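Trainee: My file is run_24.cif. It has mmCIF, C-alpha atoms:
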```cif
data_run
loop_
_atom_site.label_atom_id
_atom_site.label_comp_id
_atom_site.auth_asym_id
_atom_site.auth_seq_id
_atom_site.Cartn_x
_atom_site.Cartn_y
_atom_site.Cartn_z
CA MET A 123 75.70 109.35 33.57
CA ASN A 124 77.92 106.48 32.51
CA PHE A 125 77.98 106.45 28.72
CA ASP A 126 80.29 103.43 28.56
CA GLN A 127 77.80 101.32 30.49
CA LEU A 128 75.03 102.70 28.30
CA LYS A 129 76.99 101.66 25.21
CA ASN A 130 77.30 98.12 26.56
CA ASP A 131 73.56 97.90 27.18
CA TRP A 132 72.86 99.43 23.80
CA ASN A 133 74.91 96.82 22.00
CA LYS A 134 73.27 93.83 23.68
CA PRO A 135 70.73 92.11 21.41
CA GLU A 136 67.16 93.43 21.49
CA THR A 137 64.23 91.17 22.24
CA GLU A 138 61.71 92.80 19.92
CA GLU A 139 63.58 92.45 16.63
CA THR A 140 61.55 90.72 13.96
CA GLU A 141 62.72 88.83 10.90
CA ILE A 142 62.96 90.88 7.69
CA LEU A 143 60.95 89.15 5.01
CA GLN A 144 61.22 89.21 1.23
CA SER A 145 57.84 90.96 0.93
CA MET A 146 59.28 94.01 2.71
CA LEU A 147 61.67 94.63 -0.16
CA HIS A 148 58.91 95.33 -2.63
CA ILE A 149 56.87 98.09 -1.02
CA LYS A 150 56.10 100.50 -3.82
CA GLU A 151 55.52 103.77 -2.00
CA ALA A 152 58.51 105.57 -0.53
CA HIS A 153 58.11 108.40 1.98
CA THR A 154 60.93 110.86 1.30
CA PRO A 155 59.98 114.47 0.41
CA ILE A 156 61.20 113.85 -3.14
CA ASP A 157 58.87 110.88 -3.48
CA LYS A 158 56.01 112.94 -2.17
CA ILE A 159 56.72 115.73 -4.66
CA ARG A 160 57.04 113.21 -7.47
CA LYS A 161 53.68 111.73 -6.60
CA GLN A 162 52.14 115.19 -6.61
CA MET A 163 53.84 115.99 -9.91
CA LYS A 164 52.46 112.82 -11.47
CA CYS A 165 48.91 113.89 -10.57
CA GLU A 166 49.52 117.41 -11.85
CA PHE A 167 50.93 116.05 -15.10
CA PHE A 168 47.62 114.32 -15.87
CA VAL A 169 45.64 117.43 -14.93
CA GLN A 170 47.81 119.57 -17.21
CA LEU A 171 47.50 117.05 -20.02
CA ALA A 172 43.72 117.06 -19.67
CA SER A 173 43.78 120.89 -19.63
CA LEU A 174 45.78 120.94 -22.87
CA LEU A 175 43.23 118.67 -24.52
CA PHE A 176 40.41 120.86 -23.23
CA ILE A 177 42.11 124.02 -24.55
CA ALA A 178 42.33 122.38 -27.98
CA LEU A 179 38.53 122.24 -28.00
CA THR A 180 37.91 125.82 -26.85
CA PRO A 181 37.46 127.34 -30.37
CA ARG A 182 34.68 124.84 -30.99
CA ILE A 183 33.12 125.18 -27.53
CA PHE A 184 33.18 128.99 -27.46
CA GLY A 185 32.60 129.45 -31.21
CA PHE A 186 35.70 131.46 -32.08
CA PRO A 187 35.34 133.51 -35.27
CA PRO A 188 37.32 132.16 -38.29
CA GLU A 189 39.85 135.04 -38.30
CA ILE A 190 41.06 134.20 -34.81
CA LYS A 191 41.50 130.47 -35.41
CA PRO A 192 44.98 130.65 -37.01
CA VAL A 193 46.11 132.92 -34.15
CA PHE A 194 44.70 130.43 -31.66
CA MET A 195 46.56 127.59 -33.40
CA ALA A 196 49.82 129.53 -33.20
CA PHE A 197 49.35 130.24 -29.50
CA TYR A 198 48.30 126.65 -28.88
CA ALA A 199 51.42 125.34 -30.64
CA VAL A 200 53.65 127.60 -28.51
CA THR A 201 51.83 126.41 -25.36
CA CYS A 202 52.31 122.75 -26.35
CA GLY A 203 55.98 123.42 -27.10
CA PHE A 204 56.59 124.93 -23.67
CA CYS A 205 54.60 122.18 -21.96
CA ALA A 206 56.55 119.47 -23.82
CA TYR A 207 59.84 121.09 -22.77
CA TYR A 208 58.83 121.33 -19.14
CA PHE A 209 57.19 117.90 -19.07
CA PHE A 210 60.47 116.48 -20.32
CA LYS A 211 62.35 118.32 -17.58
CA PHE A 212 59.89 117.03 -14.96
CA TYR A 213 60.18 113.53 -16.38
CA VAL A 214 63.97 113.65 -16.01
CA PHE A 215 63.51 114.77 -12.40
CA TYR A 216 60.92 112.06 -11.86
CA LYS A 217 63.25 109.37 -13.12
CA HIS A 218 66.38 110.72 -11.46
CA SER A 219 67.05 108.28 -8.67
CA TYR A 220 68.65 109.37 -5.42
CA ASP A 221 71.57 107.78 -3.62
CA LEU A 222 70.98 107.45 0.09
CA SER A 223 74.42 105.96 0.68
CA LEU A 224 76.07 109.37 0.31
CA ASP A 225 77.12 111.09 3.52
CA THR A 226 74.24 112.85 5.27
CA ARG A 227 75.26 116.38 4.30
CA LYS A 228 75.68 115.58 0.60
CA ASN A 229 72.45 113.63 0.64
CA LEU A 230 70.45 116.44 2.25
CA LEU A 231 71.94 119.04 -0.07
CA TRP A 232 71.09 116.89 -3.09
CA PHE A 233 67.45 116.64 -2.00
CA TYR A 234 67.30 120.32 -1.12
CA TYR A 235 68.63 121.67 -4.40
CA GLU A 236 66.80 119.11 -6.53
CA MET A 237 63.54 120.17 -4.91
CA LYS A 238 64.31 123.88 -5.19
CA LEU A 239 65.18 123.49 -8.87
CA ASN A 240 61.98 121.68 -9.68
CA ILE A 241 59.79 124.06 -7.75
CA GLU A 242 61.36 126.90 -9.77
CA LEU A 243 60.74 124.99 -13.00
CA TYR A 244 57.15 124.45 -11.96
CA LYS A 245 56.72 128.16 -11.25
CA ALA A 246 58.36 129.13 -14.53
CA LEU A 247 55.93 126.95 -16.49
CA THR A 248 52.97 128.53 -14.70
CA TYR A 249 54.22 132.08 -15.45
CA ILE A 250 54.80 131.23 -19.10
CA LEU A 251 51.35 129.68 -19.49
CA ALA A 252 49.73 132.66 -17.75
CA PHE A 253 51.58 135.04 -20.07
CA ILE A 254 50.48 133.07 -23.17
CA VAL A 255 46.84 133.04 -22.05
CA LEU A 256 46.93 136.76 -21.32
CA SER A 257 48.57 137.53 -24.67
CA PHE A 258 46.00 135.48 -26.53
CA ALA A 259 43.19 137.23 -24.69
CA ALA A 260 44.69 140.60 -25.69
CA VAL A 261 45.03 139.59 -29.34
CA TYR A 262 41.49 138.22 -29.32
CA LEU A 263 40.09 141.48 -27.99
CA LEU A 264 42.03 143.55 -30.49
CA MET A 265 41.13 141.40 -33.49
CA VAL A 266 37.53 140.39 -32.93
CA ARG A 267 35.20 143.33 -33.26
CA GLY A 268 31.78 143.65 -31.73
CA THR A 269 32.21 141.74 -28.48
CA ILE A 270 31.07 143.14 -25.13
CA PHE A 271 34.69 143.36 -24.02
CA GLN A 272 35.47 145.38 -27.14
CA HIS A 273 32.89 147.98 -26.18
CA ILE A 274 34.27 148.13 -22.65
CA LEU A 275 37.83 148.46 -23.96
CA ASP A 276 36.84 151.32 -26.24
CA LYS A 277 35.70 153.25 -23.19
CA VAL A 278 38.76 152.80 -20.96
CA SER A 279 42.25 154.20 -21.39
CA MET A 280 45.33 152.23 -22.52
CA ILE A 281 47.01 152.83 -19.14
CA TYR A 282 44.09 151.15 -17.40
CA ILE A 283 44.41 148.10 -19.69
CA ILE A 284 48.19 147.84 -19.15
CA LEU A 285 47.70 148.20 -15.41
CA ASN A 286 45.12 145.41 -15.47
CA CYS A 287 47.49 143.09 -17.36
CA PHE A 288 50.24 143.89 -14.89
CA ILE A 289 48.01 143.19 -11.88
CA THR A 290 46.75 139.93 -13.45
CA ILE A 291 50.32 138.69 -13.87
CA LEU A 292 51.08 139.69 -10.28
CA ILE A 293 48.04 137.80 -9.01
CA VAL A 294 49.03 134.71 -11.04
CA GLY A 295 52.53 135.02 -9.58
CA LEU A 296 51.18 135.31 -6.06
CA ILE A 297 48.87 132.29 -6.48
CA THR A 298 51.76 130.25 -7.94
CA GLU A 299 54.05 131.19 -5.07
CA LEU A 300 51.42 130.31 -2.50
CA TRP A 301 50.56 127.06 -4.31
CA ALA A 302 54.21 126.01 -4.43
CA LYS A 303 54.70 127.02 -0.81
CA PHE A 304 51.63 125.13 0.32
CA TYR A 305 52.41 121.91 -1.51
CA TYR A 306 56.19 121.77 -1.58
CA GLY A 307 57.53 124.61 0.55
CA LYS A 308 57.19 122.84 3.88
CA TYR A 309 59.48 120.00 2.76
CA VAL A 310 62.13 122.41 1.48
CA LYS A 311 61.91 124.41 4.70
CA GLU A 312 62.24 121.29 6.81
CA LEU A 313 65.30 120.14 4.84
CA LYS A 314 66.88 123.58 5.13
CA LYS A 315 66.40 123.45 8.88
CA ILE A 316 68.18 120.08 9.12
CA ILE A 317 71.05 121.27 6.89
CA ASP A 318 71.45 124.39 9.02
CA LYS A 319 71.60 122.27 12.16
CA LEU A 320 74.28 120.14 10.55
CA ASP A 321 76.32 123.17 9.47
CA ASP A 322 75.88 124.99 12.73
CA GLU A 323 79.33 125.13 14.41
CA MET B 320 69.66 85.76 -10.36
CA GLN B 321 67.23 88.28 -8.81
CA GLU B 322 66.10 85.67 -6.29
CA TYR B 323 69.70 84.85 -5.41
CA THR B 324 70.53 88.57 -4.89
CA GLU B 325 67.45 88.95 -2.70
CA LYS B 326 68.49 85.95 -0.63
CA ILE B 327 72.02 87.30 -0.10
CA PHE B 328 70.66 90.73 0.73
CA LEU B 329 68.11 89.39 3.20
CA GLU B 330 70.79 87.38 4.92
CA LEU B 331 73.01 90.45 5.21
CA ILE B 332 70.34 92.74 6.61
CA ASN B 333 68.91 90.11 8.91
CA ASN B 334 72.37 89.74 10.41
CA ASN B 335 72.47 93.51 10.99
CA LYS B 336 68.79 94.27 11.52
CA ALA B 337 69.55 95.75 14.95
CA ILE B 338 70.80 98.85 13.13
CA ILE B 339 67.44 99.35 11.40
CA TYR B 340 65.54 98.55 14.53
CA LYS B 341 67.48 101.03 16.65
CA VAL B 342 67.33 103.83 14.09
CA SER B 343 63.56 103.38 13.77
CA LYS B 344 63.16 103.45 17.53
CA MET B 345 65.30 106.55 17.89
CA TYR B 346 63.51 108.52 15.21
CA MET B 347 59.91 107.45 15.81
CA ASP B 348 58.15 107.46 19.12
CA ASP B 349 54.86 106.07 17.88
CA ALA B 350 54.77 102.30 17.27
CA GLU B 351 53.03 102.57 13.89
CA ASP B 352 55.40 105.27 12.67
CA ARG B 353 58.28 103.12 13.86
CA ARG B 354 57.00 100.18 11.85
CA ASP B 355 56.59 102.38 8.77
CA LEU B 356 60.10 103.75 9.12
CA PHE B 357 61.49 100.25 9.62
CA GLN B 358 59.85 99.14 6.35
CA GLU B 359 60.97 102.28 4.58
CA ILE B 360 64.60 101.70 5.63
CA VAL B 361 64.46 98.08 4.44
CA MET B 362 63.01 99.20 1.11
CA GLN B 363 65.55 102.01 0.66
CA LEU B 364 68.40 99.62 1.54
CA TRP B 365 67.14 97.23 -1.11
CA LYS B 366 66.83 100.05 -3.67
CA ALA B 367 70.37 101.24 -2.89
CA TYR B 368 71.86 97.75 -2.74
CA PRO B 369 72.91 97.58 -6.45
CA GLY B 370 75.10 100.64 -5.72
CA PHE B 371 76.93 98.87 -2.88
CA LYS B 372 80.29 97.93 -4.33
CA GLY B 373 81.89 96.64 -1.15
CA ASN B 374 84.33 99.57 -0.89
CA SER B 375 83.24 100.03 2.70
CA LYS B 376 81.92 97.61 5.30
CA PHE B 377 78.31 96.54 4.79
CA THR B 378 77.38 97.97 8.20
CA THR B 379 78.95 101.35 7.36
CA TRP B 380 76.85 101.48 4.21
CA MET B 381 73.79 100.45 6.21
CA TYR B 382 74.33 103.20 8.79
CA ARG B 383 74.32 105.81 6.07
CA VAL B 384 71.26 104.59 4.22
CA ALA B 385 69.31 103.98 7.43
CA LEU B 386 70.15 107.39 8.93
CA ASN B 387 69.54 109.26 5.69
CA THR B 388 66.18 107.53 5.29
CA ALA B 389 65.22 108.39 8.86
CA LEU B 390 66.22 112.04 8.35
CA LEU B 391 64.09 112.32 5.22
CA PHE B 392 61.20 110.13 6.29
CA LEU B 393 57.79 111.76 6.27
CA LYS B 394 55.49 110.13 8.75
CA LYS B 395 51.77 109.99 8.20
CA GLU B 396 50.33 113.29 9.32
CA THR B 397 47.02 111.98 10.58
CA ARG B 398 48.39 110.12 13.57
CA LYS B 399 48.00 111.49 17.07
CA VAL B 400 51.05 112.80 18.85
CA ASP B 401 52.02 110.73 21.87
CA LYS B 402 51.79 112.93 24.95
CA THR B 403 51.85 110.22 27.60
CA PRO B 404 54.18 110.99 30.52
CA LEU B 405 57.45 109.12 30.49
CA ASN B 406 56.89 106.60 33.26
CA GLU B 407 53.43 105.60 31.99
CA ASN B 408 54.66 105.04 28.47
CA ILE B 409 57.41 102.58 29.20
CA ASP B 410 56.04 99.11 28.78
CA LEU B 411 58.34 96.62 30.40
CA ALA B 412 55.93 93.72 30.49
CA ASP B 413 57.69 91.76 27.80
CA VAL B 414 61.13 92.10 29.27
CA ASN B 415 62.28 88.70 30.37
CA TYR B 416 65.95 88.94 31.00
CA SER B 417 67.25 92.29 32.09
CA TYR B 418 64.91 94.76 33.72
CA ASP B 419 67.69 97.20 34.43
CA LYS B 420 68.99 97.25 30.87
CA GLU B 421 65.51 97.56 29.37
CA GLU B 422 64.56 100.29 31.78
CA LYS B 423 67.70 102.24 30.98
CA LEU B 424 67.17 101.92 27.26
CA ALA B 425 63.51 102.78 27.54
CA TYR B 426 64.43 106.02 29.32
CA LEU B 427 67.13 106.66 26.77
CA TYR B 428 64.76 106.20 23.82
CA LYS B 429 62.20 108.44 25.45
CA ALA B 430 64.77 111.15 26.15
CA VAL B 431 66.17 110.91 22.63
CA GLN B 432 62.75 111.97 21.27
CA GLU B 433 63.50 115.45 22.61
CA LEU B 434 66.66 115.73 20.52
CA ASN B 435 66.62 117.10 16.98
CA SER B 436 67.25 114.79 14.01
CA ILE B 437 70.98 115.57 13.76
CA GLU B 438 71.51 115.08 17.49
CA LYS B 439 69.74 111.73 17.23
CA ALA B 440 72.13 110.70 14.44
CA LEU B 441 75.12 111.76 16.55
CA ILE B 442 74.02 109.83 19.63
CA PHE B 443 73.13 106.80 17.53
CA LEU B 444 76.54 106.66 15.86
CA PHE B 445 78.27 107.26 19.19
CA LEU B 446 76.38 104.40 20.84
CA GLU B 447 77.28 102.22 17.86
CA ASN B 448 80.92 102.68 18.87
CA GLN B 449 81.82 104.96 15.98
CA SER B 450 84.87 107.18 16.40
CA HIS B 451 84.67 110.95 15.93
CA LYS B 452 86.28 110.49 12.54
CA GLU B 453 83.71 107.92 11.45
CA ILE B 454 80.83 110.05 12.75
CA ALA B 455 82.22 113.02 10.80
CA GLN B 456 82.52 110.93 7.63
CA ASN B 457 79.01 109.57 7.93
CA LEU B 458 77.46 112.97 8.49
CA GLY B 459 79.68 114.85 6.06
CA ILE B 460 81.02 117.32 8.62
CA THR B 461 84.49 118.01 10.00
CA GLU B 462 85.90 115.89 12.80
CA VAL B 463 86.13 118.93 15.08
CA ASN B 464 82.52 119.78 14.40
CA ALA B 465 81.49 116.18 15.11
CA ARG B 466 83.40 116.24 18.40
CA VAL B 467 81.84 119.53 19.52
CA LYS B 468 78.33 118.53 18.46
CA LEU B 469 78.55 115.15 20.12
CA SER B 470 79.79 116.65 23.36
CA ARG B 471 76.90 119.14 23.40
CA THR B 472 74.40 116.43 22.52
CA LYS B 473 75.61 114.17 25.31
CA GLU B 474 75.22 117.04 27.78
CA LYS B 475 71.75 117.76 26.49
CA LEU B 476 70.78 114.11 26.73
CA GLN B 477 72.06 113.89 30.29
CA PHE B 478 70.03 116.94 31.18
CA ILE B 479 66.84 115.54 29.62
CA ILE B 480 67.21 112.19 31.36
CA LYS B 481 67.83 113.91 34.68
CA LYS B 482 64.88 116.22 34.11
CA ASN B 483 62.72 113.16 33.50
CA GLY B 484 63.63 111.89 36.96
CA TYR B 485 66.09 109.19 36.02
CA GLU B 486 69.83 108.83 36.32
CA PHE B 487 72.32 106.23 35.20
#
```
Please, can you express the file's structure as structure tokens?

Mentor:
Amino acid sequence: MNFDQLKNDWNKPETEETEILQSMLHIKEAHTPIDKIRKQMKCEFFVQLASLLFIALTPRIFGFPPEIKPVFMAFYAVTCGFCAYYFFKFYVFYKHSYDLSLDTRKNLLWFYYEMKLNIELYKALTYILAFIVLSFAAVYLLMVRGTIFQHILDKVSMIYIILNCFITILIVGLITELWAKFYYGKYVKELKKIIDKLDDE
Amino acid sequence: MQEYTEKIFLELINNNKAIIYKVSKMYMDDAEDRRDLFQEIVMQLWKAYPGFKGNSKFTTWMYRVALNTALLFLKKETRKVDKTPLNENIDLADVNYSYDKEEKLAYLYKAVQELNSIEKALIFLFLENQSHKEIAQNLGITEVNARVKLSRTKEKLQFIIKKNGYEF
């Protein structure tokens, strides 16, 4: 195979080339994994915002007794605080533009670690929210007397309750891991594969 | 001002559009995917253009952005995978000046689809007359590594082309 001849043919002008028009500069949707994740994050942001608003209405919807309302407000404030912190972090990620004129290795590593970091942030927020919800549920059951759950709790041992909390957190963790893997994991895996190929001596 | 910048930019990339065209053709086998990648590269070049300070040649900068975009590009998942045999897929009907050259390149592009994304980048830069040093700089690897990888990729490409029943 004559690569020099091939090079000559390669560098002759192509017949199919079309003119690049001004309209092509302004396509809004990019197709890098980061753009895809950002798009997903944008959707999730609105879902989480709607969930926060819904949670604010839960005492009214479920008729919480007056003694639990201040506790609910405290938990709700903590939840909003964590959400605000993480939303800010996600916003910074969302706005952080990438530089495709870096060399390929640096560019791939930037995408890889940026994605990893944000997936971890996303997981952390989910764990925190799950912990807050579980804690509130525990406080609710301990404070409000006369509910069905209260009667059930009176009949089971403390070890059983602790074990249940532990398993719930594990299940939340598992769902979060699977969710992150399903939505974002494939892109990270694909990038890792390309980086490994590049580093392979 | 914006319009003026756009005009300059369009002139620059139209003068070097072969780079975008070839990268798209190397990385995407399907015509629609190729068109999408072509547009994506143009858009990413435009987005990155404010960062181009002229410290390197415009084409060097273009190689990087185009290759990086191709490496990260996510094609639409719903499209069918092209499984047509090699000789049936090469459409030479519109070739009007060099059958031999077009045929060779058509076989090359088809064979390149069997390479991985890094090997494609290596072969592309090699065919664009880049030295080992330049290839290494563009990919962010050592010169020795670039040399070894390129040599292996060329061997692999030769093997694929031969396997497909063609030789040049």

Trainee: Rank A:Thr180, A:Thr226, A:Gln162, A:Asn286 by their smallest atom-to-atom distance to Phe212 in chain A, using all atoms listed in the file, and report the top residue only.

Mentor: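 The answer is A:Gln162, which sits nearest to Phe212 in chain A.
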
Trainee: Do a neighbour search on range 441-449 of chain B at 10 Å with only C-alpha atoms, toss out local chain neighbours closer than 5 positions, and write the hits as a PDB file with C-alpha atoms, keeping the file's coordinate frame.

Mentor:
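Done, and the output landed in part.pdb:
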```
ATOM      1  CA  PHE A 125      77.980 106.450  28.720  1.00  0.00           C
ATOM      2  CA  ASP A 126      80.290 103.430  28.560  1.00  0.00           C
ATOM      3  CA  LEU A 128      75.030 102.700  28.300  1.00  0.00           C
ATOM      4  CA  LYS A 129      76.990 101.660  25.210  1.00  0.00           C
ATOM      5  CA  ASN A 130      77.300  98.120  26.560  1.00  0.00           C
ATOM      6  CA  ASP A 131      73.560  97.900  27.180  1.00  0.00           C
ATOM      7  CA  TRP A 132      72.860  99.430  23.800  1.00  0.00           C
ATOM      8  CA  ASN A 133      74.910  96.820  22.000  1.00  0.00           C
TER       9      ASN A 133
ATOM     10  CA  ILE B 338      70.800  98.850  13.130  1.00  0.00           C
ATOM     11  CA  LYS B 341      67.480 101.030  16.650  1.00  0.00           C
ATOM     12  CA  VAL B 342      67.330 103.830  14.090  1.00  0.00           C
ATOM     13  CA  MET B 345      65.300 106.550  17.890  1.00  0.00           C
ATOM     14  CA  THR B 379      78.950 101.350   7.360  1.00  0.00           C
ATOM     15  CA  TYR B 382      74.330 103.200   8.790  1.00  0.00           C
ATOM     16  CA  LEU B 386      70.150 107.390   8.930  1.00  0.00           C
ATOM     17  CA  VAL B 431      66.170 110.910  22.630  1.00  0.00           C
ATOM     18  CA  LEU B 434      66.660 115.730  20.520  1.00  0.00           C
ATOM     19  CA  SER B 436      67.250 114.790  14.010  1.00  0.00           C
ATOM     20  CA  ILE B 454      80.830 110.050  12.750  1.00  0.00           C
ATOM     21  CA  ALA B 455      82.220 113.020  10.800  1.00  0.00           C
ATOM     22  CA  ASN B 457      79.010 109.570   7.930  1.00  0.00           C
ATOM     23  CA  LEU B 458      77.460 112.970   8.490  1.00  0.00           C
ATOM     24  CA  ALA B 465      81.490 116.180  15.110  1.00  0.00           C
ATOM     25  CA  ARG B 466      83.400 116.240  18.400  1.00  0.00           C
ATOM     26  CA  LYS B 468      78.330 118.530  18.460  1.00  0.00           C
ATOM     27  CA  LEU B 469      78.550 115.150  20.120  1.00  0.00           C
ATOM     28  CA  SER B 470      79.790 116.650  23.360  1.00  0.00           C
ATOM     29  CA  THR B 472      74.400 116.430  22.520  1.00  0.00           C
ATOM     30  CA  LYS B 473      75.610 114.170  25.310  1.00  0.00           C
ATOM     31  CA  LEU B 476      70.780 114.110  26.730  1.00  0.00           C
TER      32      LEU B 476
END
```

Trainee: For chain A, list the residues within 6 Å of chain B, counting all atoms listed in the file, and write the list as a list in words.

Mentor: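 Taken together, these residues fit the definition: Met123, Lys129, Asp131, Leu147, His153, Thr154, Leu222, Ser223, Asp225, Thr226 and Arg227 of chain A.
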
Trainee: Could you tell me how far CA of Met265 in chain A lies from CA of Lys191 in chain A, in Å and to one decimal?

Mentor: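 Computing the Euclidean distance for CA of Met265 in chain A and CA of Lys191 in chain A yields 11.1 Å.
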
Trainee: Pull the neighbourhood of (59.9, 117.8, -16.8) for me: all residues within 12 Å in file coordinates, counting only C-alpha atoms, as a VMD selection string.

Mentor: chain A and resid 160 163 to 164 166 to 167 204 to 218 239 to 244 246 to 247

Trainee: Name the closest residue to Ser257 in chain A among the candidates A:Leu275, A:Val310, A:Ala196, A:Ala302; distances are taken between atoms, counting only C-alpha atoms.

Mentor: A:Ala196

Trainee: Report, in Å with one decimal, the straight-line distance from CA of Ala260 in chain A to CA of Val169 in chain A.

Mentor: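 Value for the CA of Ala260 in chain A-CA of Val169 in chain A distance: 25.6 Å.
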
Trainee: Could you check which of A:Met280, A:Leu179, A:Gln170, A:Tyr249 is closest to Ile293 in chain A, using all atoms listed in the file?

Mentor: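 Between A:Met280, A:Leu179, A:Gln170, A:Tyr249, the residue approaching Ile293 in chain A most closely is A:Tyr249.
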
Trainee: Hey, can you check how far CA of Val261 in chain A sits from CA of Ala172 in chain A?

Mentor: 24.6 Å

Trainee: Under the rule that only C-alpha atoms are counted, which of B:Lys475, B:His451, B:Lys482, B:Gln432 is the nearest residue to Asp348 in chain B?

Mentor: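 Closest residue, counting only C-alpha atoms: B:Gln432.
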
Trainee: Of the candidates A:Val193, A:Ala152, A:Cys202, A:Leu264, which one gets nearest to Leu175 in chain A if we count all atoms listed in the file?

Mentor: A:Cys202

Trainee: Considering all atoms listed in the file, can you say which of A:Leu171, A:Leu256, A:Leu263, A:Cys165 comes closest to Pro187 in chain A?

Mentor: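 Ranked by minimum distance to Pro187 in chain A, first place goes to A:Leu263.
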